[in-house]
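Chemist: This one is target-v4.cif, mmCIF, C-alpha atoms.
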data_data
#
loop_
_atom_site.label_atom_id
_atom_site.label_comp_id
_atom_site.auth_asym_id
_atom_site.auth_seq_id
_atom_site.Cartn_x
_atom_site.Cartn_y
_atom_site.Cartn_z
CA MET D 17 -7.27 -24.80 2.90
CA LYS D 18 -6.35 -21.50 4.53
CA PHE D 19 -4.42 -18.47 3.37
CA LEU D 20 -3.25 -15.32 5.15
CA HIS D 21 -3.56 -12.17 3.06
CA THR D 22 -1.60 -9.07 4.07
CA SER D 23 -0.03 -6.13 2.25
CA ASP D 24 1.40 -2.63 2.48
CA TRP D 25 3.80 -3.12 5.39
CA HIS D 26 5.76 0.02 4.41
CA VAL D 27 8.70 -0.95 6.60
CA GLY D 28 11.04 2.01 7.03
CA LYS D 29 8.21 4.54 6.94
CA THR D 30 8.80 7.49 9.23
CA LEU D 31 6.09 9.88 10.40
CA LYS D 32 7.03 13.56 10.48
CA GLY D 33 10.63 12.48 11.06
CA ARG D 34 9.77 9.97 13.82
CA ASN D 35 11.39 6.54 13.34
CA ARG D 36 8.76 3.78 13.54
CA LEU D 37 10.96 0.72 13.02
CA ASP D 38 10.32 -0.70 16.50
CA GLU D 39 6.60 -0.24 15.96
CA GLN D 40 6.81 -1.98 12.57
CA ARG D 41 8.79 -4.81 14.17
CA ALA D 42 5.95 -5.31 16.65
CA VAL D 43 3.37 -5.31 13.84
CA LEU D 44 5.24 -7.93 11.80
CA GLY D 45 5.83 -9.95 14.97
CA GLU D 46 2.08 -10.04 15.52
CA ILE D 47 1.52 -11.25 11.94
CA VAL D 48 4.04 -14.04 12.53
CA ARG D 49 2.25 -15.04 15.77
CA ILE D 50 -1.07 -15.15 13.92
CA ALA D 51 0.51 -17.33 11.25
CA ARG D 52 1.86 -19.74 13.87
CA ASP D 53 -1.50 -19.99 15.63
CA GLU D 54 -3.63 -20.43 12.52
CA GLN D 55 -1.33 -22.78 10.56
CA PHE D 56 -2.02 -21.36 7.11
CA ASP D 57 -1.18 -23.15 3.89
CA ALA D 58 0.25 -19.97 2.40
CA ILE D 59 1.04 -16.37 3.33
CA LEU D 60 0.28 -13.84 0.59
CA VAL D 61 2.09 -10.48 0.87
CA ALA D 62 0.61 -8.26 -1.84
CA GLY D 63 3.33 -5.63 -2.23
CA ASP D 64 4.80 -2.49 -0.66
CA LEU D 65 6.89 -4.41 1.83
CA TYR D 66 9.07 -1.29 2.10
CA GLU D 67 8.31 2.42 2.25
CA THR D 68 11.07 3.36 -0.18
CA SER D 69 12.88 1.87 -3.15
CA ALA D 70 16.16 2.29 -1.23
CA PRO D 71 15.35 0.93 2.25
CA SER D 72 17.87 1.08 5.06
CA ALA D 73 19.80 -2.02 6.08
CA ALA D 74 17.71 -2.18 9.27
CA ALA D 75 14.48 -2.11 7.28
CA GLN D 76 15.72 -4.83 4.92
CA GLU D 77 16.80 -7.02 7.82
CA LEU D 78 13.39 -6.65 9.46
CA VAL D 79 11.50 -7.66 6.30
CA VAL D 80 13.79 -10.62 5.54
CA ARG D 81 13.56 -11.91 9.10
CA ALA D 82 9.76 -11.55 9.00
CA LEU D 83 9.52 -13.49 5.74
CA MET D 84 11.77 -16.21 7.10
CA ALA D 85 9.77 -16.44 10.33
CA LEU D 86 6.57 -16.78 8.29
CA ARG D 87 8.19 -19.56 6.26
CA GLU D 88 9.21 -21.32 9.47
CA THR D 89 5.51 -21.74 10.30
CA GLY D 90 5.41 -24.31 7.49
CA ALA D 91 3.37 -22.11 5.15
CA GLU D 92 4.29 -21.21 1.60
CA VAL D 93 5.34 -17.55 1.52
CA VAL D 94 4.60 -15.60 -1.66
CA ALA D 95 5.41 -11.87 -1.91
CA ILE D 96 5.40 -9.35 -4.75
CA ALA D 97 6.81 -5.87 -5.28
CA GLY D 98 4.56 -2.83 -4.93
CA ASN D 99 5.07 0.68 -6.28
CA HIS D 100 7.16 1.66 -3.22
CA ASP D 101 9.47 -1.35 -3.65
CA HIS D 102 12.43 -1.65 -6.02
CA ALA D 103 11.47 -4.39 -8.47
CA ALA D 104 15.02 -5.00 -9.76
CA THR D 105 16.30 -5.54 -6.21
CA PHE D 106 13.49 -8.02 -5.55
CA GLU D 107 14.54 -9.90 -8.67
CA ALA D 108 18.19 -9.87 -7.55
CA TYR D 109 17.26 -11.45 -4.22
CA ARG D 110 14.75 -13.84 -5.78
CA PRO D 111 17.13 -16.86 -6.14
CA LEU D 112 18.45 -16.47 -2.59
CA LEU D 113 15.01 -16.26 -1.01
CA LYS D 114 13.76 -19.09 -3.22
CA ALA D 115 16.47 -21.28 -1.67
CA ALA D 116 14.89 -20.41 1.71
CA GLY D 117 11.45 -21.42 0.42
CA ILE D 118 10.18 -17.87 -0.14
CA GLN D 119 8.74 -16.82 -3.49
CA LEU D 120 9.65 -13.17 -4.12
CA THR D 121 8.71 -11.54 -7.44
CA GLY D 122 9.71 -8.06 -8.56
CA ASP D 123 8.77 -8.04 -12.25
CA PRO D 124 5.82 -9.61 -14.08
CA ARG D 125 6.84 -13.04 -15.31
CA PRO D 126 5.47 -15.56 -17.83
CA VAL D 127 3.50 -18.50 -16.46
CA HIS D 128 6.33 -20.94 -17.15
CA ASP D 129 8.94 -18.72 -15.43
CA GLY D 130 7.45 -17.82 -12.06
CA GLY D 131 4.31 -15.99 -13.13
CA VAL D 132 2.27 -18.70 -11.42
CA HIS D 133 3.49 -20.37 -8.23
CA SER D 134 2.03 -23.86 -7.80
CA PHE D 135 2.20 -26.21 -4.82
CA ASP D 136 0.16 -28.81 -2.92
CA ALA D 137 -1.53 -27.48 0.22
CA ARG D 138 -0.17 -29.13 3.34
CA SER D 139 -3.64 -29.26 4.92
CA THR D 140 -5.52 -31.03 2.12
CA GLY D 141 -2.94 -32.14 -0.43
CA GLU D 142 -4.89 -30.30 -3.12
CA ARG D 143 -3.24 -28.20 -5.80
CA VAL D 144 -2.89 -24.42 -5.43
CA ASN D 145 -1.98 -22.05 -8.26
CA ILE D 146 -1.14 -18.42 -7.39
CA ALA D 147 -0.83 -15.99 -10.31
CA VAL D 148 1.37 -13.06 -9.22
CA LEU D 149 1.32 -9.57 -10.71
CA PRO D 150 3.68 -7.00 -9.12
CA PHE D 151 3.02 -3.29 -9.59
CA LEU D 152 3.19 -2.12 -13.20
CA SER D 153 4.00 1.47 -14.08
CA GLN D 154 2.35 2.92 -17.16
CA ARG D 155 5.71 2.90 -18.91
CA TYR D 156 6.58 -0.71 -18.06
CA ALA D 157 3.08 -2.07 -18.76
CA VAL D 158 3.71 -1.91 -22.52
CA ARG D 159 6.93 -3.88 -22.28
CA ALA D 160 5.45 -6.41 -19.83
CA ALA D 161 2.39 -7.03 -21.99
CA GLU D 162 4.58 -7.55 -25.06
CA LEU D 163 6.92 -9.88 -23.14
CA LEU D 164 4.20 -12.01 -21.57
CA THR D 165 1.56 -12.10 -24.30
CA GLY D 166 3.60 -11.62 -27.46
CA THR D 167 1.40 -8.67 -28.44
CA PRO D 168 3.29 -6.00 -30.42
CA ALA D 169 3.53 -2.79 -28.44
CA ASP D 170 1.76 -0.74 -31.11
CA ASN D 171 -1.27 -3.02 -30.81
CA VAL D 172 -1.47 -2.93 -27.05
CA GLY D 173 -4.29 -0.83 -25.57
CA GLU D 174 -4.35 1.51 -22.61
CA TYR D 175 -3.12 0.60 -19.14
CA ASP D 176 -6.22 -1.35 -18.09
CA GLN D 177 -6.20 -3.37 -21.32
CA ARG D 178 -2.52 -4.21 -20.89
CA VAL D 179 -3.22 -5.47 -17.37
CA ARG D 180 -6.19 -7.48 -18.68
CA ASP D 181 -3.94 -9.09 -21.30
CA ILE D 182 -1.34 -10.00 -18.67
CA LEU D 183 -3.99 -11.43 -16.33
CA GLU D 184 -5.45 -13.53 -19.15
CA HIS D 185 -1.97 -14.91 -19.81
CA LEU D 186 -1.36 -15.68 -16.14
CA LYS D 187 -4.69 -17.47 -15.82
CA THR D 188 -3.52 -20.00 -18.41
CA GLY D 189 -1.52 -21.41 -15.49
CA PHE D 190 -4.74 -22.29 -13.63
CA THR D 191 -5.74 -25.95 -13.55
CA PRO D 192 -9.08 -27.74 -13.01
CA GLY D 193 -9.70 -29.18 -9.56
CA ALA D 194 -7.25 -26.75 -7.93
CA VAL D 195 -7.63 -23.58 -5.90
CA ASN D 196 -6.64 -20.77 -8.27
CA LEU D 197 -5.69 -17.38 -6.83
CA VAL D 198 -4.51 -14.03 -8.16
CA MET D 199 -2.28 -11.70 -6.13
CA ALA D 200 -1.67 -8.22 -7.53
CA HIS D 201 -0.59 -4.73 -6.50
CA LEU D 202 -2.81 -2.23 -8.29
CA THR D 203 -5.83 0.06 -8.03
CA VAL D 204 -9.25 -1.33 -8.87
CA THR D 205 -11.71 1.18 -10.25
CA GLY D 206 -14.09 2.26 -7.49
CA GLY D 207 -11.68 1.37 -4.69
CA THR D 208 -11.44 3.78 -1.77
CA MET D 209 -8.09 5.37 -1.02
CA GLY D 210 -6.75 4.66 2.44
CA GLY D 211 -5.13 8.06 2.94
CA GLY D 212 -1.41 7.33 2.57
CA GLU D 213 -1.03 6.14 -1.03
CA ARG D 214 0.86 7.94 -3.77
CA ALA D 215 -1.94 9.60 -5.69
CA ALA D 216 -0.10 9.66 -9.02
CA GLN D 217 0.17 5.86 -8.99
CA SER D 218 -3.37 5.23 -7.77
CA ILE D 219 -5.58 7.41 -9.98
CA PHE D 220 -5.65 8.78 -13.52
CA GLU D 221 -4.74 5.89 -15.89
CA TYR D 222 -3.41 3.67 -13.08
CA HIS D 223 -6.54 1.66 -12.42
CA VAL D 224 -8.33 -1.38 -13.80
CA PRO D 225 -11.95 -2.51 -13.44
CA ALA D 226 -12.73 -5.48 -11.20
CA THR D 227 -14.05 -7.28 -14.28
CA ALA D 228 -10.41 -7.66 -15.41
CA PHE D 229 -10.05 -10.67 -13.10
CA GLY D 230 -12.94 -12.59 -14.64
CA ALA D 231 -14.79 -15.36 -12.82
CA ASP D 232 -11.94 -17.90 -12.77
CA PRO D 233 -10.05 -17.04 -9.56
CA HIS D 234 -11.29 -18.43 -6.27
CA TYR D 235 -9.88 -15.28 -4.62
CA VAL D 236 -8.03 -12.11 -5.64
CA ALA D 237 -5.58 -10.78 -3.01
CA LEU D 238 -4.79 -7.13 -3.62
CA GLY D 239 -2.35 -4.60 -2.24
CA HIS D 240 -1.88 -0.86 -2.85
CA LEU D 241 -4.96 0.74 -1.28
CA HIS D 242 -4.44 0.97 2.47
CA ARG D 243 -8.09 0.66 3.49
CA ARG D 244 -9.59 -2.77 4.11
CA GLN D 245 -12.30 -3.29 1.46
CA SER D 246 -13.87 -5.66 -1.02
CA LEU D 247 -14.93 -4.82 -4.56
CA PRO D 248 -17.99 -6.17 -6.40
CA ALA D 249 -16.85 -8.63 -9.05
CA ALA D 250 -17.52 -12.07 -10.51
CA CYS D 251 -15.05 -13.53 -7.98
CA PRO D 252 -14.00 -12.43 -4.45
CA VAL D 253 -11.75 -9.34 -4.81
CA HIS D 254 -10.29 -7.99 -1.57
CA TYR D 255 -7.79 -5.46 -0.27
CA SER D 256 -6.40 -6.43 3.13
CA GLY D 257 -5.30 -2.85 3.78
CA SER D 258 -2.21 -1.89 5.74
CA PRO D 259 -1.77 -3.68 9.10
CA PHE D 260 -1.14 -0.33 10.83
CA ALA D 261 -1.92 3.33 10.16
CA VAL D 262 0.82 4.56 7.83
CA ASP D 263 -0.10 8.26 8.01
CA PHE D 264 -2.64 10.53 9.70
CA GLY D 265 -4.95 10.20 6.71
CA GLU D 266 -5.41 6.57 7.77
CA GLN D 267 -6.14 7.19 11.45
CA ASP D 268 -9.70 5.86 11.20
CA ASN D 269 -8.89 2.81 9.06
CA LYS D 270 -9.46 -0.67 10.41
CA SER D 271 -6.11 -2.50 10.68
CA VAL D 272 -6.47 -6.21 9.97
CA VAL D 273 -5.03 -9.18 8.14
CA LEU D 274 -7.35 -11.55 6.30
CA ALA D 275 -7.78 -15.28 6.80
CA VAL D 276 -9.14 -16.89 3.63
CA GLU D 277 -10.66 -20.38 3.67
CA VAL D 278 -11.48 -21.99 0.33
CA THR D 279 -11.80 -25.31 -1.46
CA PRO D 280 -11.76 -26.05 -5.21
CA THR D 281 -15.58 -26.26 -5.18
CA THR D 282 -16.74 -23.71 -2.59
CA PRO D 283 -16.57 -19.90 -2.41
CA ALA D 284 -13.88 -18.23 -0.35
CA LYS D 285 -14.78 -17.40 3.25
CA ILE D 286 -12.96 -14.30 4.53
CA THR D 287 -12.34 -13.56 8.21
CA GLU D 288 -10.81 -10.30 9.42
CA ILE D 289 -8.18 -10.73 12.14
CA PRO D 290 -7.69 -7.40 13.99
CA MET D 291 -4.19 -6.07 14.52
CA THR D 292 -3.42 -4.79 18.00
CA GLN D 293 0.16 -3.58 17.52
CA GLY D 294 1.09 -0.22 16.05
CA ARG D 295 0.46 3.14 17.65
CA ARG D 296 -2.86 4.86 17.18
CA LEU D 297 -2.79 8.11 15.18
CA ARG D 298 -5.13 10.90 16.26
CA THR D 299 -6.04 14.40 15.11
CA VAL D 300 -7.04 16.62 18.06
CA HIS D 301 -8.30 20.19 18.41
CA GLY D 302 -8.26 22.60 21.35
CA THR D 303 -6.59 25.46 23.12
CA VAL D 304 -3.18 24.86 24.63
CA ALA D 305 -4.74 24.51 28.08
CA GLU D 306 -7.38 22.06 26.80
CA LEU D 307 -4.83 19.92 24.99
CA VAL D 308 -2.45 19.78 27.94
CA GLY D 309 -5.37 18.88 30.20
CA ARG D 310 -6.11 15.84 28.01
CA LYS D 311 -2.56 14.53 28.18
CA GLU D 312 -3.51 11.33 30.04
CA GLU D 313 -6.28 10.62 27.53
CA PHE D 314 -3.83 10.73 24.62
CA GLY D 315 -1.47 8.19 26.17
CA GLU D 316 1.16 7.07 23.65
CA ASP D 317 -0.89 7.98 20.57
CA TYR D 318 0.86 9.99 17.88
CA LEU D 319 -0.91 13.33 17.52
CA ARG D 320 -1.69 15.83 14.81
CA VAL D 321 -2.64 18.95 16.75
CA TYR D 322 -4.79 21.87 15.63
CA VAL D 323 -4.45 24.69 18.17
CA ARG D 324 -7.61 26.73 18.59
CA GLU D 325 -5.97 30.04 19.40
CA ALA D 326 -3.90 32.61 17.54
CA THR D 327 -0.23 31.95 17.02
CA ARG D 328 2.27 33.46 19.44
CA ALA D 329 5.92 33.10 20.32
CA GLY D 330 6.71 29.85 22.14
CA LEU D 331 3.35 28.18 21.42
CA ARG D 332 4.83 25.24 19.50
CA GLU D 333 7.51 24.62 22.12
CA GLU D 334 4.91 24.73 24.89
CA ILE D 335 2.86 22.00 23.25
CA GLN D 336 5.86 19.85 22.35
CA GLU D 337 7.12 19.96 25.92
CA ALA D 338 3.74 18.87 27.31
CA LEU D 339 2.91 16.45 24.47
CA PRO D 340 6.14 14.97 23.07
CA GLN D 341 4.10 12.60 20.87
CA ALA D 342 2.63 15.59 18.97
CA LEU D 343 4.28 15.12 15.57
CA GLU D 344 2.42 17.85 13.71
CA ILE D 345 1.26 21.16 15.20
CA ARG D 346 -0.87 23.62 13.29
CA ILE D 347 -3.04 26.61 14.04
CA ASP D 348 -6.71 25.77 13.49
CA PRO D 349 -7.77 27.51 10.23
CA GLU D 350 -10.42 29.42 12.15
CA PHE D 351 -7.68 31.15 14.17
CA ALA D 352 -5.00 31.40 11.49
CA ALA D 353 -4.31 34.68 9.77
CA ALA D 354 -4.78 34.22 6.04
CA VAL D 355 -1.55 34.58 4.09
CA THR D 356 -2.12 35.87 0.57
CA THR D 357 -0.18 37.35 -2.28
CA ALA D 358 -0.56 40.92 -3.49
CA ASN D 359 -3.36 39.92 -5.87
CA GLY D 360 -5.25 38.05 -3.16
CA ASP D 361 -4.21 34.47 -4.00
CA ARG D 362 -3.03 32.01 -1.37
CA ALA D 363 0.70 32.21 -0.78
CA ILE D 364 2.80 29.86 -2.88
CA ALA D 365 4.14 28.18 0.28
CA ASP D 366 0.60 27.14 1.19
CA ARG D 367 -0.07 25.39 -2.12
CA SER D 368 1.03 21.94 -3.25
CA PRO D 369 3.08 21.41 -6.43
CA GLY D 370 -0.04 19.91 -8.04
CA GLU D 371 -2.08 23.01 -7.21
CA LEU D 372 0.63 25.32 -8.54
CA PHE D 373 0.88 23.39 -11.80
CA ALA D 374 -2.91 23.32 -12.17
CA ASN D 375 -2.95 27.11 -11.73
CA TYR D 376 -0.19 27.43 -14.31
CA CYS D 377 -2.19 25.33 -16.80
CA GLU D 378 -5.28 27.41 -16.14
CA GLU D 379 -3.38 30.63 -16.79
CA ARG D 380 -2.04 29.20 -20.07
CA THR D 381 -5.51 27.81 -21.02
CA VAL D 382 -4.16 24.25 -21.09
CA GLU D 383 -7.28 22.15 -20.51
CA ASP D 384 -5.97 18.64 -21.26
CA LYS D 385 -6.14 16.71 -17.96
CA ARG D 386 -3.50 14.29 -19.25
CA VAL D 387 -0.90 17.03 -18.84
CA GLN D 388 -1.67 17.33 -15.12
CA SER D 389 -1.70 13.51 -14.89
CA LEU D 390 1.78 13.36 -16.41
CA PHE D 391 3.04 16.11 -14.08
CA ALA D 392 1.65 14.28 -11.03
CA ARG D 393 3.30 11.01 -12.08
CA LEU D 394 6.68 12.60 -12.85
CA HIS D 395 6.63 14.62 -9.62
CA ASP D 396 5.84 11.47 -7.66
CA GLU D 397 8.64 9.51 -9.34
CA GLU D 398 11.19 12.28 -8.75
CA THR D 399 10.28 12.83 -5.10
CA SER D 400 9.90 9.14 -4.18
CA GLY D 401 13.15 7.90 -5.66
CA VAL D 402 11.35 5.20 -7.69
#
Show the structure stored in the file as structure tokens.

Modeler:
Amino acid sequence: MKFLHTSDWHVGKTLKGRNRLDEQRAVLGEIVRIARDEQFDAILVAGDLYETSAPSAAAQELVVRALMALRETGAEVVAIAGNHDHAATFEAYRPLLKAAGIQLTGDPRPVHDGGVHSFDARSTGERVNIAVLPFLSQRYAVRAAELLTGTPADNVGEYDQRVRDILEHLKTGFTPGAVNLVMAHLTVTGGTMGGGERAAQSIFEYHVPATAFGADPHYVALGHLHRRQSLPAACPVHYSGSPFAVDFGEQDNKSVVLAVEVTPTTPAKITEIPMTQGRRLRTVHGTVAELVGRKEEFGEDYLRVYVREATRAGLREEIQEALPQALEIRIDPEFAAAVTTANGDRAIADRSPGELFANYCEERTVEDKRVQSLFARLHDEETSGV
């Protein structure tokens, strides 16, 4: 039987203020065309369907239409909430989408109440069990573990142990002679960041070892890290990565979706299907004259520009007029005049909130890294609207 694994659509994501909804529509349209051509038994969407917890009506319409079009291919469609999504809203829409044949899960659920989605594959008639684990915040992991496993909160371990406990519970929904899958939105220890993730929800205590999945699943479909990668484990553990470059930090990532072929008795075979839609992101360096002279080479690519000459009046406007797809324009550090405070430190405007807080802790001789971890998480929650 065959499955399509995709994740991290981030519909509604803008880039330096540039609306990318048409581009995202083309990307999802390509995924639908792949699904029609390949005739998968199920489509697995491993979280972060949206960029924000309060997506626009246009973004919501695009995602719903994409899910419905995937369902119209005849495949089962199973999707979970990621850390960018609003879990409660997913749960509110769950009954409606279920009526359309789409399994949407916002919160972790017990096996008997949607934690494992089971069906017979249309291609072989064999049983499929998909254990689903949406993103868990550190705060909610305690409550979820207690709800699903019956373990009192004061006896529940750290984040990775809570996730292990939940996975062990979900795997009780696996059956012999079936293809048993796990789909989750989380960070696996040793995974490589793609460049556009929220750091506070990807590092520190927000990760679990690949051993947490055990040897039982035939395949583990992950979302959250935007780079296509596999992790060494007792079973196949794969991130599909985002199907397009979400930010400039991802400009060199390979954009794919994954086709997974598996039987109850043979290992999963994974094939990468390249994505061709979505604009290329590029970081370029040069003088104004050099950059303008390369205009044809850049085509429609979105650009992050580092100008290799000193700043002057009208420089930004000159580049924007010649290269309207230049979304970010900076002076190359080699040519930039250093801006410092009276005591020689970098100016506050040039430092991130995390750097400023780390400096504050250093000045107050606060050496507990958990304090900076907590600051990073709270700052991320406050600025993301989650």

Chemist: Please evaluate the PyMOL selection byres ((chain D and resi 291) around 6) against the structure above and give the resulting residues as a list in words.

Modeler: Ser271, Val272, Pro290, Thr292 and Gln293 of chain D

Chemist: Skip Phe314 of chain D itself and residues of its chain fewer than 4 positions away, then list as an NGL selection string all residues within 12 Å of it, counting all atoms listed in the file.

Modeler: :D and (295-300 or 307-310 or 318-321 or 338-342)

Chemist: Could you give me, as a ChimeraX atom specification, the residues within 7 Å of Thr89 of chain D, counting all atoms listed in the file and dropping anything in the same chain fewer than 6 positions from it?

Modeler: /D:51-52,55

Chemist: Using only C-alpha atoms, find each residue in segment 49-150 of chain D having at least one atom no more than 8 Å away from segment 199-210 of chain D; report its shortest atom-to-atom pair and that distance in Å (one decimal), rows by chain then rising number, as JSON lines.

Modeler:
{"residue": "D:Leu60", "atom": "CA", "partner": "D:Met199", "partner_atom": "CA", "distance": 7.5}
{"residue": "D:Ala62", "atom": "CA", "partner": "D:His201", "partner_atom": "CA", "distance": 6.0}
{"residue": "D:Gly63", "atom": "CA", "partner": "D:His201", "partner_atom": "CA", "distance": 5.9}
{"residue": "D:Ile96", "atom": "CA", "partner": "D:Ala200", "partner_atom": "CA", "distance": 7.7}
{"residue": "D:Ala97", "atom": "CA", "partner": "D:His201", "partner_atom": "CA", "distance": 7.6}
{"residue": "D:Gly98", "atom": "CA", "partner": "D:His201", "partner_atom": "CA", "distance": 5.7}
{"residue": "D:Asn99", "atom": "CA", "partner": "D:His201", "partner_atom": "CA", "distance": 7.8}
{"residue": "D:Ile146", "atom": "CA", "partner": "D:Met199", "partner_atom": "CA", "distance": 6.9}
{"residue": "D:Ala147", "atom": "CA", "partner": "D:Met199", "partner_atom": "CA", "distance": 6.2}
{"residue": "D:Val148", "atom": "CA", "partner": "D:Met199", "partner_atom": "CA", "distance": 5.0}
{"residue": "D:Leu149", "atom": "CA", "partner": "D:Ala200", "partner_atom": "CA", "distance": 4.6}
{"residue": "D:Pro150", "atom": "CA", "partner": "D:His201", "partner_atom": "CA", "distance": 5.5}

Chemist: Would you list the residues near (16.0, -9.6, -9.3) (no more than 12 Å away, in the coordinates of the file, using all atoms listed in the file) as a ChimeraX atom specification?

Modeler: /D:96-97,101-114,119-125

Chemist: Rounded to one decimal place, report the atom CA of Glu67 of chain D-atom CA of His240 of chain D distance in Å.

Modeler: 11.9 Å

Chemist: Would you work out the distance separating atom CA of Glu383 of chain D from atom CA of Leu152 of chain D, expressed in Å to one decimal?

Modeler: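 Atom CA of Glu383 of chain D sits 27.4 Å away from atom CA of Leu152 of chain D.
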
Chemist: So the first atom is atom CA of Leu274 of chain D and the second is atom CA of Pro248 of chain D; what is the distance between them in Å, to one decimal place?

Modeler: 17.4 Å

Chemist: Using the chain letters and numbers from the file, which residues does the PyMOL selection byres ((chain D and resi 144) around 9) grab, as a list of chain:residue names?

Modeler: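 So the PyMOL selection byres ((chain D and resi 144) around 9), applied here, picks out D:His133, D:Ser134, D:Phe135, D:Asp136, D:Ala137, D:Glu142, D:Arg143, D:Asn145, D:Ile146, D:Phe190, D:Thr191, D:Ala194, D:Val195, D:Asn196, D:Leu197.
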
Chemist: Please produce an output containing C-alpha atoms for each residue in the selection, written as a short mmCIF file (atom, residue, chain, number, x, y, z; two decimals), keeping the file's coordinate frame.

Modeler:
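The new file part_38.cif reads:
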data_model
loop_
_atom_site.label_atom_id
_atom_site.label_comp_id
_atom_site.auth_asym_id
_atom_site.auth_seq_id
_atom_site.Cartn_x
_atom_site.Cartn_y
_atom_site.Cartn_z
CA HIS D 133 3.49 -20.37 -8.23
CA SER D 134 2.03 -23.86 -7.80
CA PHE D 135 2.20 -26.21 -4.82
CA ASP D 136 0.16 -28.81 -2.92
CA ALA D 137 -1.53 -27.48 0.22
CA GLU D 142 -4.89 -30.30 -3.12
CA ARG D 143 -3.24 -28.20 -5.80
CA ASN D 145 -1.98 -22.05 -8.26
CA ILE D 146 -1.14 -18.42 -7.39
CA PHE D 190 -4.74 -22.29 -13.63
CA THR D 191 -5.74 -25.95 -13.55
CA ALA D 194 -7.25 -26.75 -7.93
CA VAL D 195 -7.63 -23.58 -5.90
CA ASN D 196 -6.64 -20.77 -8.27
CA LEU D 197 -5.69 -17.38 -6.83
#

Chemist: I'd like to know which of D:Asp24, D:Lys187, D:Pro280, D:Arg332 is closest to Leu241 of chain D, using only C-alpha atoms.

Modeler: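 Among the listed residues, D:Asp24 lies closest to Leu241 of chain D.
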